[in-house]
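Visitor: The following file, input35.pdb, comprises PDB, N, CA and C atoms, pLDDT in the B column:
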```pdb
ATOM      1  N   MET A  76       9.728 -21.234 -41.936  1.00 56.00           N
ATOM      2  CA  MET A  76       9.043 -21.081 -43.189  1.00 56.00           C
ATOM      3  C   MET A  76       9.567 -22.091 -44.197  1.00 56.00           C
ATOM      4  N   PRO A  77       8.698 -22.752 -44.912  1.00 68.00           N
ATOM      5  CA  PRO A  77       9.145 -23.780 -45.845  1.00 68.00           C
ATOM      6  C   PRO A  77       9.952 -23.244 -47.021  1.00 68.00           C
ATOM      7  N   SER A  78       9.776 -21.995 -47.400  1.00 73.00           N
ATOM      8  CA  SER A  78      10.486 -21.447 -48.554  1.00 73.00           C
ATOM      9  C   SER A  78      11.773 -20.731 -48.173  1.00 73.00           C
ATOM     10  N   THR A  79      12.166 -20.851 -46.921  1.00 70.00           N
ATOM     11  CA  THR A  79      13.349 -20.143 -46.437  1.00 70.00           C
ATOM     12  C   THR A  79      14.560 -21.062 -46.458  1.00 70.00           C
ATOM     13  N   ILE A  80      15.665 -20.546 -46.961  1.00 70.00           N
ATOM     14  CA  ILE A  80      16.925 -21.281 -46.938  1.00 70.00           C
ATOM     15  C   ILE A  80      17.765 -20.713 -45.806  1.00 70.00           C
ATOM     16  N   ASN A  81      18.223 -21.591 -44.933  1.00 72.00           N
ATOM     17  CA  ASN A  81      19.001 -21.165 -43.786  1.00 72.00           C
ATOM     18  C   ASN A  81      20.301 -21.948 -43.754  1.00 72.00           C
ATOM     19  N   THR A  82      21.403 -21.256 -43.828  1.00 74.00           N
ATOM     20  CA  THR A  82      22.695 -21.937 -43.770  1.00 74.00           C
ATOM     21  C   THR A  82      23.337 -21.817 -42.394  1.00 74.00           C
ATOM     22  N   MET A  83      22.601 -21.278 -41.418  1.00 78.00           N
ATOM     23  CA  MET A  83      23.131 -21.211 -40.069  1.00 78.00           C
ATOM     24  C   MET A  83      23.023 -22.605 -39.452  1.00 78.00           C
ATOM     25  N   PRO A  84      24.117 -23.122 -38.888  1.00 81.00           N
ATOM     26  CA  PRO A  84      24.070 -24.460 -38.304  1.00 81.00           C
ATOM     27  C   PRO A  84      23.041 -24.547 -37.170  1.00 81.00           C
ATOM     28  N   GLU A  85      22.386 -25.691 -37.084  1.00 85.00           N
ATOM     29  CA  GLU A  85      21.366 -25.888 -36.052  1.00 85.00           C
ATOM     30  C   GLU A  85      21.953 -25.716 -34.649  1.00 85.00           C
ATOM     31  N   ALA A  86      23.199 -26.160 -34.457  1.00 88.00           N
ATOM     32  CA  ALA A  86      23.831 -26.021 -33.137  1.00 88.00           C
ATOM     33  C   ALA A  86      23.953 -24.550 -32.742  1.00 88.00           C
ATOM     34  N   THR A  87      24.220 -23.691 -33.713  1.00 86.00           N
ATOM     35  CA  THR A  87      24.317 -22.251 -33.437  1.00 86.00           C
ATOM     36  C   THR A  87      22.951 -21.697 -33.058  1.00 86.00           C
ATOM     37  N   LEU A  88      21.926 -22.091 -33.806  1.00 84.00           N
ATOM     38  CA  LEU A  88      20.569 -21.638 -33.486  1.00 84.00           C
ATOM     39  C   LEU A  88      20.153 -22.102 -32.087  1.00 84.00           C
ATOM     40  N   ASN A  89      20.465 -23.367 -31.753  1.00 89.00           N
ATOM     41  CA  ASN A  89      20.118 -23.894 -30.432  1.00 89.00           C
ATOM     42  C   ASN A  89      20.866 -23.172 -29.323  1.00 89.00           C
ATOM     43  N   ALA A  90      22.140 -22.870 -29.562  1.00 88.00           N
ATOM     44  CA  ALA A  90      22.924 -22.142 -28.552  1.00 88.00           C
ATOM     45  C   ALA A  90      22.363 -20.747 -28.344  1.00 88.00           C
ATOM     46  N   LEU A  91      21.967 -20.104 -29.416  1.00 84.00           N
ATOM     47  CA  LEU A  91      21.379 -18.774 -29.321  1.00 84.00           C
ATOM     48  C   LEU A  91      20.051 -18.825 -28.574  1.00 84.00           C
ATOM     49  N   ALA A  92      19.228 -19.813 -28.892  1.00 87.00           N
ATOM     50  CA  ALA A  92      17.917 -19.949 -28.244  1.00 87.00           C
ATOM     51  C   ALA A  92      18.053 -20.246 -26.753  1.00 87.00           C
ATOM     52  N   ALA A  93      19.159 -20.865 -26.361  1.00 90.00           N
ATOM     53  CA  ALA A  93      19.365 -21.228 -24.954  1.00 90.00           C
ATOM     54  C   ALA A  93      19.772 -20.034 -24.092  1.00 90.00           C
ATOM     55  N   GLN A  94      20.124 -18.923 -24.727  1.00 86.00           N
ATOM     56  CA  GLN A  94      20.540 -17.744 -23.978  1.00 86.00           C
ATOM     57  C   GLN A  94      19.316 -17.026 -23.409  1.00 86.00           C
ATOM     58  N   PRO A  95      19.311 -16.767 -22.104  1.00 82.00           N
ATOM     59  CA  PRO A  95      18.161 -16.085 -21.536  1.00 82.00           C
ATOM     60  C   PRO A  95      18.041 -14.638 -22.021  1.00 82.00           C
ATOM     61  N   GLU A  96      19.171 -14.050 -22.334  1.00 84.00           N
ATOM     62  CA  GLU A  96      19.164 -12.662 -22.787  1.00 84.00           C
ATOM     63  C   GLU A  96      20.337 -12.442 -23.723  1.00 84.00           C
ATOM     64  N   ILE A  97      20.089 -11.723 -24.773  1.00 80.00           N
ATOM     65  CA  ILE A  97      21.154 -11.429 -25.725  1.00 80.00           C
ATOM     66  C   ILE A  97      21.469  -9.950 -25.614  1.00 80.00           C
ATOM     67  N   GLY A  98      22.703  -9.662 -25.250  1.00 81.00           N
ATOM     68  CA  GLY A  98      23.114  -8.272 -25.104  1.00 81.00           C
ATOM     69  C   GLY A  98      23.486  -7.656 -26.440  1.00 81.00           C
ATOM     70  N   GLU A  99      23.911  -6.422 -26.375  1.00 80.00           N
ATOM     71  CA  GLU A  99      24.321  -5.729 -27.590  1.00 80.00           C
ATOM     72  C   GLU A  99      25.662  -6.272 -28.077  1.00 80.00           C
ATOM     73  N   ALA A 100      25.818  -6.314 -29.373  1.00 74.00           N
ATOM     74  CA  ALA A 100      27.094  -6.720 -29.958  1.00 74.00           C
ATOM     75  C   ALA A 100      28.104  -5.614 -29.717  1.00 74.00           C
ATOM     76  N   PRO A 101      29.354  -5.993 -29.469  1.00 71.00           N
ATOM     77  CA  PRO A 101      30.368  -4.954 -29.305  1.00 71.00           C
ATOM     78  C   PRO A 101      30.478  -4.125 -30.580  1.00 71.00           C
ATOM     79  N   ARG A 102      30.563  -2.839 -30.418  1.00 71.00           N
ATOM     80  CA  ARG A 102      30.616  -1.953 -31.585  1.00 71.00           C
ATOM     81  C   ARG A 102      32.019  -1.872 -32.178  1.00 71.00           C
ATOM     82  N   LYS A 103      33.004  -2.025 -31.332  1.00 73.00           N
ATOM     83  CA  LYS A 103      34.373  -1.887 -31.813  1.00 73.00           C
ATOM     84  C   LYS A 103      35.301  -2.590 -30.831  1.00 73.00           C
ATOM     85  N   THR A 104      36.283  -3.301 -31.348  1.00 71.00           N
ATOM     86  CA  THR A 104      37.277  -3.919 -30.483  1.00 71.00           C
ATOM     87  C   THR A 104      38.471  -2.985 -30.412  1.00 71.00           C
ATOM     88  N   SER A 105      38.782  -2.567 -29.230  1.00 81.00           N
ATOM     89  CA  SER A 105      39.877  -1.612 -29.079  1.00 81.00           C
ATOM     90  C   SER A 105      41.210  -2.335 -28.906  1.00 81.00           C
ATOM     91  N   ASP A 106      42.272  -1.606 -29.147  1.00 83.00           N
ATOM     92  CA  ASP A 106      43.610  -2.148 -28.925  1.00 83.00           C
ATOM     93  C   ASP A 106      43.778  -2.527 -27.453  1.00 83.00           C
ATOM     94  N   LYS A 107      43.136  -1.776 -26.566  1.00 85.00           N
ATOM     95  CA  LYS A 107      43.222  -2.071 -25.131  1.00 85.00           C
ATOM     96  C   LYS A 107      42.624  -3.451 -24.847  1.00 85.00           C
ATOM     97  N   THR A 108      41.494  -3.733 -25.462  1.00 86.00           N
ATOM     98  CA  THR A 108      40.851  -5.035 -25.253  1.00 86.00           C
ATOM     99  C   THR A 108      41.741  -6.155 -25.762  1.00 86.00           C
ATOM    100  N   LEU A 109      42.328  -5.968 -26.933  1.00 86.00           N
ATOM    101  CA  LEU A 109      43.223  -6.986 -27.478  1.00 86.00           C
ATOM    102  C   LEU A 109      44.451  -7.169 -26.598  1.00 86.00           C
ATOM    103  N   THR A 110      44.936  -6.091 -26.027  1.00 89.00           N
ATOM    104  CA  THR A 110      46.073  -6.176 -25.102  1.00 89.00           C
ATOM    105  C   THR A 110      45.673  -6.964 -23.860  1.00 89.00           C
ATOM    106  N   GLU A 111      44.461  -6.716 -23.351  1.00 91.00           N
ATOM    107  CA  GLU A 111      43.972  -7.453 -22.178  1.00 91.00           C
ATOM    108  C   GLU A 111      43.849  -8.948 -22.495  1.00 91.00           C
ATOM    109  N   PHE A 112      43.410  -9.271 -23.699  1.00 91.00           N
ATOM    110  CA  PHE A 112      43.338 -10.675 -24.104  1.00 91.00           C
ATOM    111  C   PHE A 112      44.734 -11.290 -24.087  1.00 91.00           C
ATOM    112  N   ALA A 113      45.698 -10.575 -24.663  1.00 92.00           N
ATOM    113  CA  ALA A 113      47.072 -11.081 -24.722  1.00 92.00           C
ATOM    114  C   ALA A 113      47.630 -11.301 -23.321  1.00 92.00           C
ATOM    115  N   ILE A 114      47.376 -10.367 -22.414  1.00 95.00           N
ATOM    116  CA  ILE A 114      47.839 -10.501 -21.025  1.00 95.00           C
ATOM    117  C   ILE A 114      47.221 -11.731 -20.372  1.00 95.00           C
ATOM    118  N   ALA A 115      45.969 -12.018 -20.731  1.00 96.00           N
ATOM    119  CA  ALA A 115      45.268 -13.179 -20.172  1.00 96.00           C
ATOM    120  C   ALA A 115      45.704 -14.490 -20.838  1.00 96.00           C
ATOM    121  N   GLY A 116      46.591 -14.382 -21.837  1.00 96.00           N
ATOM    122  CA  GLY A 116      47.096 -15.578 -22.494  1.00 96.00           C
ATOM    123  C   GLY A 116      46.258 -16.043 -23.671  1.00 96.00           C
ATOM    124  N   ILE A 117      45.374 -15.188 -24.169  1.00 95.00           N
ATOM    125  CA  ILE A 117      44.529 -15.547 -25.303  1.00 95.00           C
ATOM    126  C   ILE A 117      45.223 -15.117 -26.589  1.00 95.00           C
ATOM    127  N   ASP A 118      45.454 -16.076 -27.449  1.00 95.00           N
ATOM    128  CA  ASP A 118      46.076 -15.806 -28.742  1.00 95.00           C
ATOM    129  C   ASP A 118      44.953 -15.456 -29.724  1.00 95.00           C
ATOM    130  N   THR A 119      44.697 -14.169 -29.897  1.00 91.00           N
ATOM    131  CA  THR A 119      43.572 -13.738 -30.727  1.00 91.00           C
ATOM    132  C   THR A 119      43.726 -14.153 -32.191  1.00 91.00           C
ATOM    133  N   GLU A 120      44.944 -14.215 -32.666  1.00 92.00           N
ATOM    134  CA  GLU A 120      45.135 -14.648 -34.058  1.00 92.00           C
ATOM    135  C   GLU A 120      44.778 -16.118 -34.213  1.00 92.00           C
ATOM    136  N   ALA A 121      45.137 -16.940 -33.223  1.00 95.00           N
ATOM    137  CA  ALA A 121      44.786 -18.362 -33.272  1.00 95.00           C
ATOM    138  C   ALA A 121      43.276 -18.543 -33.144  1.00 95.00           C
ATOM    139  N   VAL A 122      42.652 -17.746 -32.277  1.00 93.00           N
ATOM    140  CA  VAL A 122      41.200 -17.814 -32.118  1.00 93.00           C
ATOM    141  C   VAL A 122      40.517 -17.431 -33.431  1.00 93.00           C
ATOM    142  N   ALA A 123      40.977 -16.350 -34.048  1.00 92.00           N
ATOM    143  CA  ALA A 123      40.391 -15.907 -35.312  1.00 92.00           C
ATOM    144  C   ALA A 123      40.572 -16.966 -36.398  1.00 92.00           C
ATOM    145  N   ALA A 124      41.739 -17.579 -36.465  1.00 96.00           N
ATOM    146  CA  ALA A 124      41.996 -18.614 -37.467  1.00 96.00           C
ATOM    147  C   ALA A 124      41.094 -19.825 -37.236  1.00 96.00           C
ATOM    148  N   GLN A 125      40.932 -20.219 -35.970  1.00 96.00           N
ATOM    149  CA  GLN A 125      40.067 -21.350 -35.653  1.00 96.00           C
ATOM    150  C   GLN A 125      38.611 -21.038 -36.002  1.00 96.00           C
ATOM    151  N   LEU A 126      38.153 -19.839 -35.653  1.00 94.00           N
ATOM    152  CA  LEU A 126      36.778 -19.451 -35.978  1.00 94.00           C
ATOM    153  C   LEU A 126      36.548 -19.435 -37.484  1.00 94.00           C
ATOM    154  N   LEU A 127      37.518 -18.943 -38.220  1.00 95.00           N
ATOM    155  CA  LEU A 127      37.406 -18.918 -39.682  1.00 95.00           C
ATOM    156  C   LEU A 127      37.321 -20.336 -40.236  1.00 95.00           C
ATOM    157  N   GLU A 128      38.217 -21.196 -39.777  1.00 96.00           N
ATOM    158  CA  GLU A 128      38.234 -22.580 -40.258  1.00 96.00           C
ATOM    159  C   GLU A 128      36.923 -23.294 -39.924  1.00 96.00           C
ATOM    160  N   GLU A 129      36.467 -23.164 -38.669  1.00 94.00           N
ATOM    161  CA  GLU A 129      35.226 -23.823 -38.264  1.00 94.00           C
ATOM    162  C   GLU A 129      34.021 -23.234 -39.003  1.00 94.00           C
ATOM    163  N   GLY A 130      34.049 -21.929 -39.232  1.00 92.00           N
ATOM    164  CA  GLY A 130      32.958 -21.289 -39.953  1.00 92.00           C
ATOM    165  C   GLY A 130      32.864 -21.770 -41.389  1.00 92.00           C
ATOM    166  N   VAL A 131      34.010 -21.873 -42.045  1.00 94.00           N
ATOM    167  CA  VAL A 131      34.038 -22.343 -43.435  1.00 94.00           C
ATOM    168  C   VAL A 131      33.572 -23.801 -43.498  1.00 94.00           C
ATOM    169  N   GLU A 132      34.054 -24.644 -42.571  1.00 94.00           N
ATOM    170  CA  GLU A 132      33.634 -26.046 -42.557  1.00 94.00           C
ATOM    171  C   GLU A 132      32.123 -26.166 -42.331  1.00 94.00           C
ATOM    172  N   SER A 133      31.616 -25.386 -41.398  1.00 91.00           N
ATOM    173  CA  SER A 133      30.193 -25.428 -41.079  1.00 91.00           C
ATOM    174  C   SER A 133      29.350 -24.960 -42.265  1.00 91.00           C
ATOM    175  N   PHE A 134      29.785 -23.871 -42.898  1.00 91.00           N
ATOM    176  CA  PHE A 134      29.060 -23.375 -44.061  1.00 91.00           C
ATOM    177  C   PHE A 134      29.084 -24.409 -45.179  1.00 91.00           C
ATOM    178  N   ALA A 135      30.235 -25.001 -45.421  1.00 94.00           N
ATOM    179  CA  ALA A 135      30.362 -25.997 -46.490  1.00 94.00           C
ATOM    180  C   ALA A 135      29.445 -27.188 -46.223  1.00 94.00           C
ATOM    181  N   LYS A 136      29.360 -27.624 -44.970  1.00 93.00           N
ATOM    182  CA  LYS A 136      28.468 -28.737 -44.629  1.00 93.00           C
ATOM    183  C   LYS A 136      27.027 -28.341 -44.904  1.00 93.00           C
ATOM    184  N   SER A 137      26.627 -27.161 -44.452  1.00 91.00           N
ATOM    185  CA  SER A 137      25.257 -26.702 -44.679  1.00 91.00           C
ATOM    186  C   SER A 137      24.972 -26.585 -46.173  1.00 91.00           C
ATOM    187  N   TRP A 138      25.921 -26.070 -46.921  1.00 93.00           N
ATOM    188  CA  TRP A 138      25.760 -25.908 -48.365  1.00 93.00           C
ATOM    189  C   TRP A 138      25.580 -27.278 -49.028  1.00 93.00           C
ATOM    190  N   ASN A 139      26.418 -28.233 -48.639  1.00 95.00           N
ATOM    191  CA  ASN A 139      26.315 -29.572 -49.211  1.00 95.00           C
ATOM    192  C   ASN A 139      25.000 -30.246 -48.825  1.00 95.00           C
ATOM    193  N   ASP A 140      24.556 -30.028 -47.588  1.00 93.00           N
ATOM    194  CA  ASP A 140      23.254 -30.555 -47.164  1.00 93.00           C
ATOM    195  C   ASP A 140      22.139 -29.963 -48.026  1.00 93.00           C
ATOM    196  N   LEU A 141      22.229 -28.673 -48.296  1.00 93.00           N
ATOM    197  CA  LEU A 141      21.237 -28.008 -49.138  1.00 93.00           C
ATOM    198  C   LEU A 141      21.241 -28.600 -50.547  1.00 93.00           C
ATOM    199  N   LEU A 142      22.422 -28.780 -51.122  1.00 96.00           N
ATOM    200  CA  LEU A 142      22.519 -29.362 -52.465  1.00 96.00           C
ATOM    201  C   LEU A 142      21.958 -30.777 -52.492  1.00 96.00           C
ATOM    202  N   ASP A 143      22.227 -31.563 -51.446  1.00 95.00           N
ATOM    203  CA  ASP A 143      21.677 -32.917 -51.364  1.00 95.00           C
ATOM    204  C   ASP A 143      20.147 -32.879 -51.308  1.00 95.00           C
ATOM    205  N   CYS A 144      19.611 -31.948 -50.544  1.00 94.00           N
ATOM    206  CA  CYS A 144      18.159 -31.800 -50.424  1.00 94.00           C
ATOM    207  C   CYS A 144      17.551 -31.428 -51.780  1.00 94.00           C
ATOM    208  N   ILE A 145      18.173 -30.498 -52.470  1.00 95.00           N
ATOM    209  CA  ILE A 145      17.680 -30.077 -53.788  1.00 95.00           C
ATOM    210  C   ILE A 145      17.733 -31.256 -54.765  1.00 95.00           C
ATOM    211  N   ALA A 146      18.822 -32.004 -54.752  1.00 96.00           N
ATOM    212  CA  ALA A 146      18.961 -33.155 -55.650  1.00 96.00           C
ATOM    213  C   ALA A 146      17.892 -34.206 -55.346  1.00 96.00           C
ATOM    214  N   SER A 147      17.646 -34.432 -54.067  1.00 95.00           N
ATOM    215  CA  SER A 147      16.638 -35.410 -53.663  1.00 95.00           C
ATOM    216  C   SER A 147      15.245 -34.987 -54.128  1.00 95.00           C
ATOM    217  N   LYS A 148      14.917 -33.725 -53.914  1.00 94.00           N
ATOM    218  CA  LYS A 148      13.598 -33.231 -54.324  1.00 94.00           C
ATOM    219  C   LYS A 148      13.478 -33.206 -55.843  1.00 94.00           C
ATOM    220  N   SER A 149      14.557 -32.888 -56.517  1.00 94.00           N
ATOM    221  CA  SER A 149      14.557 -32.894 -57.981  1.00 94.00           C
ATOM    222  C   SER A 149      14.307 -34.307 -58.505  1.00 94.00           C
ATOM    223  N   ALA A 150      14.963 -35.296 -57.913  1.00 93.00           N
ATOM    224  CA  ALA A 150      14.768 -36.693 -58.320  1.00 93.00           C
ATOM    225  C   ALA A 150      13.335 -37.133 -58.057  1.00 93.00           C
ATOM    226  N   ALA A 151      12.769 -36.718 -56.924  1.00 92.00           N
ATOM    227  CA  ALA A 151      11.387 -37.074 -56.596  1.00 92.00           C
ATOM    228  C   ALA A 151      10.427 -36.453 -57.600  1.00 92.00           C
ATOM    229  N   LEU A 152      10.672 -35.216 -57.994  1.00 91.00           N
ATOM    230  CA  LEU A 152       9.821 -34.567 -58.984  1.00 91.00           C
ATOM    231  C   LEU A 152       9.918 -35.241 -60.355  1.00 91.00           C
ATOM    232  N   LYS A 153      11.129 -35.619 -60.727  1.00 90.00           N
ATOM    233  CA  LYS A 153      11.325 -36.310 -62.003  1.00 90.00           C
ATOM    234  C   LYS A 153      10.561 -37.628 -62.015  1.00 90.00           C
ATOM    235  N   ALA A 154      10.549 -38.317 -60.881  1.00 89.00           N
ATOM    236  CA  ALA A 154       9.852 -39.598 -60.790  1.00 89.00           C
ATOM    237  C   ALA A 154       8.346 -39.408 -60.936  1.00 89.00           C
ATOM    238  N   VAL A 155       7.828 -38.307 -60.419  1.00 88.00           N
ATOM    239  CA  VAL A 155       6.392 -38.030 -60.510  1.00 88.00           C
ATOM    240  C   VAL A 155       6.012 -37.645 -61.935  1.00 88.00           C
ATOM    241  N   VAL A 156       6.859 -36.853 -62.575  1.00 83.00           N
ATOM    242  CA  VAL A 156       6.573 -36.353 -63.931  1.00 83.00           C
ATOM    243  C   VAL A 156       6.746 -37.473 -64.961  1.00 83.00           C
ATOM    244  N   ALA A 157       7.685 -38.371 -64.736  1.00 74.00           N
ATOM    245  CA  ALA A 157       7.985 -39.428 -65.718  1.00 74.00           C
ATOM    246  C   ALA A 157       6.937 -40.506 -65.792  1.00 74.00           C
TER
END
```
Take the structure I supplied and represent it as structure tokens, if you would.
Guide:
Amino acid sequence: MPSTINTMPEATLNALAAQPEIGEAPRKTSDKTLTEFAIAGIDTEAVAAQLLEEGVESFAKSWNDLLDCIASKSAALKAVVA
């Protein structure tokens, strides 16, 4: 839709679209699951920190792209009105 603002990165949308089936989201992460991750050598705190950092960077890029688009359209409108 032309009037819709979307800050979800295109790569995320493409990855989602590539999935043949989307299952249910986990309702709750149990301590047992986190223990199983730790046993498997997964540092959940490092994963969470990386996801947070990448999420903030991605959002900031999308936000800046949106601001650039608004500025460009604003300049184009000013040129038409002037």
Visitor: What is the distance, in Å and to one decimal place, between atom CA of Lys148 of chain A and atom CA of Gly130 of chain A?
Guide: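 Between these atoms lies a distance of 26.9 Å.
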Visitor: Which distance in Å separates atom N of Leu91 of chain A and atom CA of Lys103 of chain A, to one decimal?
Guide: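 According to the coordinates, atom N of Leu91 of chain A and atom CA of Lys103 of chain A are separated by 22.2 Å.
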Visitor: Any idea what the distance is between atom CA of Ser137 of chain A and atom CA of Ala121 of chain A?
Guide: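 About the pair atom CA of Ser137 of chain A and atom CA of Ala121 of chain A: they are 24.1 Å apart.
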Visitor: Mind listing the helix (DSSP H, G or I) residues of chain A, per DSSP on the backbone, as a VMD selection string?
Guide: chain A and resid 85 to 92 106 to 114 119 to 156
